[in-house]
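Asks: Here you go, model.txt (compact mmCIF, C-alpha atoms):
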# COMPACT_ATOMS: atom_id res chain seq x y z
CA GLY A 1 6.88 90.91 -0.94
CA SER A 2 6.60 94.09 1.10
CA TRP A 3 4.39 97.07 0.24
CA SER A 4 3.00 100.23 1.83
CA ILE A 5 -0.55 99.90 3.19
CA GLY A 6 -3.25 101.81 1.32
CA ASP A 7 -6.33 100.65 3.26
CA MET A 8 -6.82 98.37 6.24
CA GLY A 9 -9.77 97.11 8.25
CA PHE A 10 -10.96 94.62 10.84
CA ALA A 11 -13.69 92.13 10.03
CA PRO A 12 -16.84 92.70 12.16
CA SER A 13 -16.15 89.40 13.96
CA GLY A 14 -12.75 90.69 15.07
CA GLU A 15 -11.09 87.49 13.81
CA PHE A 16 -9.51 88.87 10.64
CA ILE A 17 -7.69 91.92 9.30
CA ALA A 18 -7.38 92.78 5.62
CA ALA A 19 -4.88 95.22 4.12
CA THR A 20 -4.32 96.51 0.60
CA SER A 21 -1.23 97.90 -1.07
CA ALA A 22 -1.12 101.65 -1.70
CA SER A 23 0.47 101.30 -5.14
CA SER A 24 -0.31 97.83 -6.55
CA PRO A 25 -3.21 95.37 -6.93
CA GLU A 26 -2.09 93.33 -3.92
CA ALA A 27 -3.80 92.59 -0.63
CA ALA A 28 -3.68 90.08 2.20
CA ILE A 29 -5.97 88.58 4.84
CA TYR A 30 -4.60 88.00 8.34
CA HIS A 31 -5.96 85.93 11.23
CA VAL A 32 -6.00 87.66 14.62
CA VAL A 33 -5.15 85.31 17.51
CA VAL A 34 -5.57 86.41 21.14
CA GLN A 35 -3.13 84.72 23.51
CA LEU A 36 -2.18 85.10 27.16
CA ARG A 37 1.33 85.94 28.25
CA GLY A 38 1.11 85.36 31.99
CA ILE A 39 -2.03 87.29 32.91
CA MET A 40 -1.76 89.79 30.04
CA PRO A 41 -3.52 89.13 26.71
CA TYR A 42 -1.74 90.03 23.49
CA LEU A 43 -2.57 89.78 19.80
CA ARG A 44 -0.70 87.68 17.28
CA VAL A 45 -1.42 88.29 13.59
CA GLU A 46 -0.94 85.38 11.18
CA LYS A 47 -1.12 85.81 7.41
CA ARG A 48 -3.76 83.52 5.90
CA CYS A 49 -3.60 84.34 2.18
CA SER A 50 -2.54 86.85 -0.48
CA LEU A 51 -4.98 88.42 -2.95
CA GLN A 52 -4.17 89.61 -6.43
CA GLY A 53 -6.22 91.95 -8.60
CA GLY A 54 -5.01 93.98 -11.48
CA PRO A 55 -3.86 95.82 -13.35
CA SER A 56 -5.08 98.89 -11.44
CA PRO A 57 -3.90 99.39 -7.82
CA PHE A 58 -6.35 98.55 -5.06
CA HIS A 59 -8.18 101.42 -3.35
CA GLU A 60 -10.64 100.45 -0.57
CA LEU A 61 -11.91 97.34 1.19
CA GLN A 62 -15.14 96.33 2.91
CA PHE A 63 -16.03 93.17 4.85
CA SER A 64 -19.54 91.76 4.78
CA GLU A 65 -21.48 91.96 8.04
CA ASP A 66 -20.89 88.26 8.83
CA SER A 67 -17.16 88.51 7.96
CA SER A 68 -17.42 85.77 5.31
CA LEU A 69 -16.74 88.00 2.28
CA LEU A 70 -14.25 90.74 1.45
CA MET A 71 -14.96 93.36 -1.21
CA ILE A 72 -12.08 95.39 -2.67
CA THR A 73 -12.33 98.26 -5.15
CA ASP A 74 -9.48 99.48 -7.32
CA LYS A 75 -8.58 102.93 -8.63
CA SER A 76 -10.28 102.17 -11.95
CA LYS A 77 -13.56 101.63 -10.02
CA ASN A 78 -13.59 97.88 -10.55
CA ILE A 79 -15.08 95.77 -7.74
CA MET A 80 -13.79 92.34 -6.70
CA TRP A 81 -14.93 89.86 -4.04
CA TRP A 82 -13.15 87.10 -2.10
CA ARG A 83 -14.19 84.51 0.46
CA VAL A 84 -12.74 84.90 3.96
CA PRO A 85 -10.42 83.47 5.18
CA GLU A 86 -9.40 81.19 2.30
CA GLY A 87 -9.11 84.02 -0.25
CA ALA A 88 -11.05 82.30 -3.05
CA ARG A 89 -12.12 84.93 -5.59
CA LEU A 90 -15.80 85.04 -6.55
CA ASP A 91 -16.80 85.24 -10.20
CA THR A 92 -19.84 87.42 -10.86
CA MET A 93 -20.40 85.57 -14.14
CA GLN A 94 -21.17 82.40 -12.17
CA GLY A 95 -24.71 82.17 -10.87
CA ASP A 96 -23.80 80.66 -7.50
CA ASP A 97 -21.08 83.24 -6.78
CA LEU A 98 -23.34 86.11 -7.84
CA GLY A 99 -26.05 84.83 -5.52
CA VAL A 100 -23.61 84.77 -2.61
CA ILE A 101 -22.63 88.40 -3.26
CA GLN A 102 -26.22 89.61 -3.69
CA SER A 103 -27.43 87.89 -0.52
CA ALA A 104 -24.60 89.25 1.65
CA ILE A 105 -25.28 92.08 4.10
CA TRP A 106 -22.69 94.84 3.68
CA PHE A 107 -23.79 97.30 6.39
CA SER A 108 -25.78 97.22 9.63
CA ASP A 109 -26.28 99.07 12.91
CA SER A 110 -22.81 97.97 13.97
CA HIS A 111 -21.03 97.86 10.60
CA THR A 112 -20.70 100.97 8.42
CA TRP A 113 -20.22 101.26 4.65
CA LYS A 114 -16.99 103.04 3.63
CA PRO A 115 -16.04 102.55 -0.06
CA ILE A 116 -16.84 105.38 -2.48
CA THR A 117 -17.45 102.80 -5.23
CA GLY A 118 -20.16 100.14 -5.16
CA PHE A 119 -23.78 99.33 -5.89
CA LEU A 120 -24.95 101.04 -2.68
CA VAL A 121 -23.32 104.40 -3.49
CA GLY A 122 -23.50 104.68 -7.28
CA GLY A 123 -25.48 107.92 -7.00
CA ILE A 124 -22.90 109.90 -5.02
CA MET A 125 -20.46 109.93 -7.94
CA ALA A 126 -22.98 110.95 -10.62
CA GLU A 127 -22.48 114.36 -12.25
CA SER A 128 -24.60 116.45 -14.56
CA SER A 129 -23.48 117.31 -18.09
CA GLY A 130 -22.27 120.69 -16.84
CA GLY A 131 -19.52 119.06 -14.82
CA GLN A 132 -21.15 119.93 -11.50
CA TYR A 133 -23.05 117.76 -9.05
CA LEU A 134 -26.62 119.09 -9.23
CA GLY A 135 -25.37 122.68 -9.47
CA MET A 136 -22.71 122.34 -6.76
CA ALA A 137 -18.97 122.82 -7.03
CA SER A 138 -17.43 120.25 -9.36
CA SER A 139 -15.13 117.92 -7.42
CA ALA A 140 -14.40 114.26 -6.78
CA ILE A 141 -15.56 112.37 -3.71
CA VAL A 142 -12.59 110.79 -1.97
CA SER A 143 -14.04 109.44 1.28
CA CYS A 144 -17.41 108.40 2.69
CA GLU A 145 -19.04 106.54 5.56
CA SER A 146 -22.62 105.55 6.35
CA ALA A 147 -24.31 106.24 9.66
CA ARG A 148 -25.17 103.26 11.85
CA ARG A 149 -28.78 104.07 12.73
CA HIS A 150 -29.90 106.78 10.30
CA GLN A 151 -30.22 106.35 6.55
CA LEU A 152 -27.44 108.84 5.92
CA LEU A 153 -24.06 108.90 4.22
CA ALA A 154 -21.39 111.56 4.76
CA ALA A 155 -18.88 112.17 1.95
CA GLY A 156 -15.77 114.35 1.63
CA THR A 157 -14.63 115.96 -1.62
CA THR A 158 -11.43 117.22 -3.20
CA CYS A 159 -12.62 120.84 -2.89
CA GLY A 160 -13.02 120.61 0.89
CA ARG A 161 -16.80 120.16 1.04
CA VAL A 162 -18.80 117.71 3.15
CA ARG A 163 -21.87 116.25 1.44
CA LEU A 164 -24.74 114.47 3.18
CA PHE A 165 -26.78 111.92 1.21
CA HIS A 166 -29.56 109.50 1.92
CA PHE A 167 -28.19 105.95 2.15
CA PRO A 168 -28.31 103.64 0.25
CA CYS A 169 -27.86 105.91 -2.76
CA PRO A 170 -27.74 103.70 -5.90
CA ALA A 171 -28.84 106.46 -8.32
CA MET A 172 -28.25 110.21 -8.62
CA ALA A 173 -29.82 111.99 -5.67
CA ASP A 174 -29.90 115.41 -4.07
CA CYS A 175 -27.69 116.16 -1.09
CA HIS A 176 -26.67 118.88 1.34
CA GLU A 177 -23.22 120.38 0.80
CA HIS A 178 -21.28 122.31 3.43
CA TRP A 179 -17.93 124.07 3.30
CA GLY A 180 -15.33 124.15 6.06
CA HIS A 181 -11.94 122.93 4.81
CA ALA A 182 -9.45 124.93 2.74
CA ALA A 183 -8.15 121.82 0.94
CA ALA A 184 -9.24 118.33 -0.03
CA ILE A 185 -10.88 116.18 2.63
CA SER A 186 -9.02 112.93 3.21
CA SER A 187 -11.45 111.17 5.58
CA VAL A 188 -14.94 111.44 7.10
CA LYS A 189 -16.14 109.42 10.10
CA TRP A 190 -19.32 109.23 12.19
CA THR A 191 -19.28 109.04 15.97
CA GLN A 192 -20.68 105.85 17.49
CA ASP A 193 -24.05 107.51 18.26
CA ASP A 194 -24.36 109.16 14.80
CA THR A 195 -24.63 112.67 16.27
CA LEU A 196 -21.36 114.06 14.87
CA ILE A 197 -19.39 113.78 11.64
CA THR A 198 -15.63 114.27 11.92
CA SER A 199 -13.76 115.34 8.78
CA GLY A 200 -10.01 115.60 8.33
CA GLY A 201 -8.38 117.43 5.44
CA LYS A 202 -5.09 118.15 3.76
CA ASP A 203 -5.27 121.62 5.33
CA ASN A 204 -4.26 119.84 8.59
CA CYS A 205 -7.64 120.67 10.15
CA ILE A 206 -10.17 118.44 11.89
CA ILE A 207 -13.77 119.68 11.89
CA GLN A 208 -16.81 118.20 13.63
CA TRP A 209 -20.29 118.67 12.19
CA ARG A 210 -23.39 118.22 14.35
CA ILE A 211 -26.51 116.56 12.95
CA ILE A 212 -29.41 118.92 13.70
CA ASP A 213 -32.38 116.58 13.12
CA PRO A 214 -32.09 113.44 10.97
CA GLU A 215 -35.89 113.23 10.54
CA ALA A 216 -36.63 116.91 9.89
CA ALA A 217 -36.41 117.07 6.10
CA ARG A 218 -37.39 113.66 4.77
CA PRO A 219 -37.40 112.60 2.01
CA ALA A 220 -34.71 115.23 1.37
CA PRO A 221 -31.52 114.69 3.42
CA PRO A 222 -31.32 116.51 6.74
CA ALA A 223 -29.08 119.53 7.17
CA ILE A 224 -25.88 119.60 9.18
CA GLU A 225 -24.84 122.63 11.16
CA GLU A 226 -21.65 124.31 9.97
CA PRO A 227 -19.20 125.18 12.78
CA SER A 228 -18.76 128.74 11.53
CA THR A 229 -22.49 129.48 11.61
CA ALA A 230 -23.57 127.59 14.72
CA ALA A 231 -23.38 130.62 17.05
CA ALA A 232 -25.08 132.91 14.56
CA ALA A 233 -27.92 130.44 14.07
CA ALA A 234 -28.44 130.11 17.82
CA ALA A 235 -28.47 133.91 18.24
CA ALA A 236 -30.95 134.32 15.40
CA THR A 237 -33.25 131.70 16.96
CA ARG A 238 -33.17 133.46 20.33
CA GLY A 239 -33.85 136.81 18.68
CA ALA A 240 -36.81 135.43 16.74
CA ALA A 241 -38.26 133.89 19.90
CA GLY A 242 -37.88 137.23 21.72
CA GLY A 243 -39.63 139.06 18.86
CA ARG A 244 -42.61 136.74 19.04
CA ARG A 245 -42.96 137.24 22.77
CA GLY A 246 -42.81 141.02 22.31
CA GLY A 247 -45.53 140.98 19.64
CA GLY A 248 -47.83 139.00 21.91
CA ARG A 249 -47.79 141.74 24.52
Show me this structure written as C-alpha cells.

Replies:
Amino acid sequence: GSWSIGDMGFAPSGEFIAATSASSPEAAIYHVVVQLRGIMPYLRVEKRCSLQGGPSPFHELQFSEDSSLLMITDKSKNIMWWRVPEGARLDTMQGDDLGVIQSAIWFSDSHTWKPITGFLVGGIMAESSGGQYLGMASSAIVSCESARRHQLLAAGTTCGRVRLFHFPCPAMADCHEHWGHAAAISSVKWTQDDTLITSGGKDNCIIQWRIIDPEAARPAPPAIEEPSTAAAAAAATRGAAGGRRGGGR
C-alpha cells in the first residue's frame, strides 16, 4: 500500500534506505543500486522488504553502525529491531537475539544517534514529580541528535527550548537549557565538525547555536552561546579585559 513518510534514513554503508509511515506501524527497507547511464551515474531504489509493528504508529528509525540492524520506535515508546536487509524481526526474549542487539554499535564518530527513545537517552525524558525537568520549563522533547566527536546530545522541546546533555544519557541528568524559538522545535542537527547546532521550529525560524567550549564544564555539560546574547557577552568580555588593564596601571 501507499503511505506518507514519517521518518527516513540512509544506512551508514549507503546501501540501504529505510522509511516509516507517518500514521501507521508500517515501514520498508530499500536497496540503493548505483548504475551508469552513459557516463552519468544514477540511483535506482529497489524495495527489499516490508516491516510491520503495531498497534501504535512508528515514530523514528536508527541503523546500527555496521548497517546490519534497524531499530524503530513507535509513538507509544516501544522499541523494535530488525535485521537488514532481510527484515527478520529480533525477539528480545530470545537470548541470541538480545545478544545481537546488545553487542551492536549504534553511534560513532561518523554515525549520530537521533531517536528520542532508547536505552542511550532514557535520562533526557525523565521529569521530576513537579512536572518540570530539574526545575526547567515543563515540555516534551521532540527531536535530538548526538555530536560525532564530543559526548554531547542536543535536544529540542515543544516549548521552543534547546537542551544540551551529556551523551550517552541513560538516567536522569542535568542539562543546559536555552531559549530562542517562539514555538515548538521540530528538528535539531549538528554540523559535521560539531561546532554548531542548527534548530528549526514551527515558528518558521532556523537558529544556529555555537558551542563555546565542550571541555570547559565537565562533568557538567558545556554551555552554548545564545544568538541574542552573543554580542553582549563579547562586549562584556572586552570591557572586563579593559578594566583589568586599567587597574594594573

Asks: Got a sec: who's within 6 Å of Trp113 (chain A), counting all atoms listed in the file, leaving out chain neighbours fewer than 2 positions off, as JSON, numbers by chain?

Replies: {"A": [107, 145, 146]}

Asks: Could you tell me which of A:Lys114, A:Arg163, A:Arg44, A:His59 comes closest to Ala19 (chain A) if we count all atoms listed in the file?

Replies: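 Using all atoms listed in the file, Ala19 (chain A) sits closest to A:His59.
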
Asks: What's the separation between CA of Ser143 (chain A) and CA of Val188 (chain A), in Å to one decimal place?

Replies: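 Straight-line distance from CA of Ser143 (chain A) to CA of Val188 (chain A) works out to 6.2 Å.
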
Asks: Which of these, A:Leu70, A:Glu15, A:Glu60, A:Trp81, has the shortest distance to Leu43 (chain A) once you count all atoms listed in the file?

Replies: A:Glu15

Asks: At what distance in Å, to one decimal, does CA of Ile206 (chain A) lie from CA of Ala18 (chain A)?

Replies: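 Value for the CA of Ala18 (chain A)-CA of Ile206 (chain A) distance: 26.6 Å.
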
Asks: Rank A:Ser24, A:Thr112, A:Ser56, A:Thr92 by their smallest atom-to-atom distance to Leu153 (chain A), using only C-alpha atoms, and report the top residue only.

Replies: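 Result for the nearest residue to Leu153 (chain A): A:Thr112.
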
Asks: Enclose the full set of atoms of region 208-212 of chain A listed in the file within a box whose edges lie along x, y and z, apply 5 Å of padding to each of the six sides, and report centre and edge lengths in Å to one decimal as AutoDock Vina command-line options.

Replies:
--center_x -23.1 --center_y 117.7 --center_z 13.3 --size_x 22.6 --size_y 12.4 --size_z 12.2

Asks: Quick one: residues within 12 Å of (-16.4, 108.9, 13.3) (file frame), counting only C-alpha atoms, please, as number ranges by chain.

Replies: A: 112, 114, 144-148, 153-154, 187-200, 206-210

Asks: Every residue with an atom at most 9 Å from (0.8, 84.5, 5.7) (file coordinates; all atoms listed in the file) is what I'm after, so could you write them as a PyMOL selection string?

Replies: chain A and resi 28-31+46-50

Asks: Write the residues of the preceding selection, restricted to C-alpha atoms, as a short mmCIF file (atom, residue, chain, number, x, y, z; two decimals), keeping the file's coordinate frame.

Replies:
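Here's the written file out_11.cif:
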data_model
loop_
_atom_site.label_atom_id
_atom_site.label_comp_id
_atom_site.auth_asym_id
_atom_site.auth_seq_id
_atom_site.Cartn_x
_atom_site.Cartn_y
_atom_site.Cartn_z
CA ALA A 28 -3.68 90.08 2.20
CA ILE A 29 -5.97 88.58 4.84
CA TYR A 30 -4.60 88.00 8.34
CA HIS A 31 -5.96 85.93 11.23
CA GLU A 46 -0.94 85.38 11.18
CA LYS A 47 -1.12 85.81 7.41
CA ARG A 48 -3.76 83.52 5.90
CA CYS A 49 -3.60 84.34 2.18
CA SER A 50 -2.54 86.85 -0.48
#

Asks: Have a look at CA of Ser110 (chain A) and CA of Cys169 (chain A) and let me know their distance in Å, one decimal.

Replies: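 CA of Cys169 (chain A) lies 19.2 Å from CA of Ser110 (chain A).
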
Asks: Considering all atoms listed in the file, state which residue in the set A:Ser13, A:Thr73, A:Ser139, A:Gln151 is at the smallest distance from Phe119 (chain A).

Replies: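 Nearest to Phe119 (chain A): A:Thr73.
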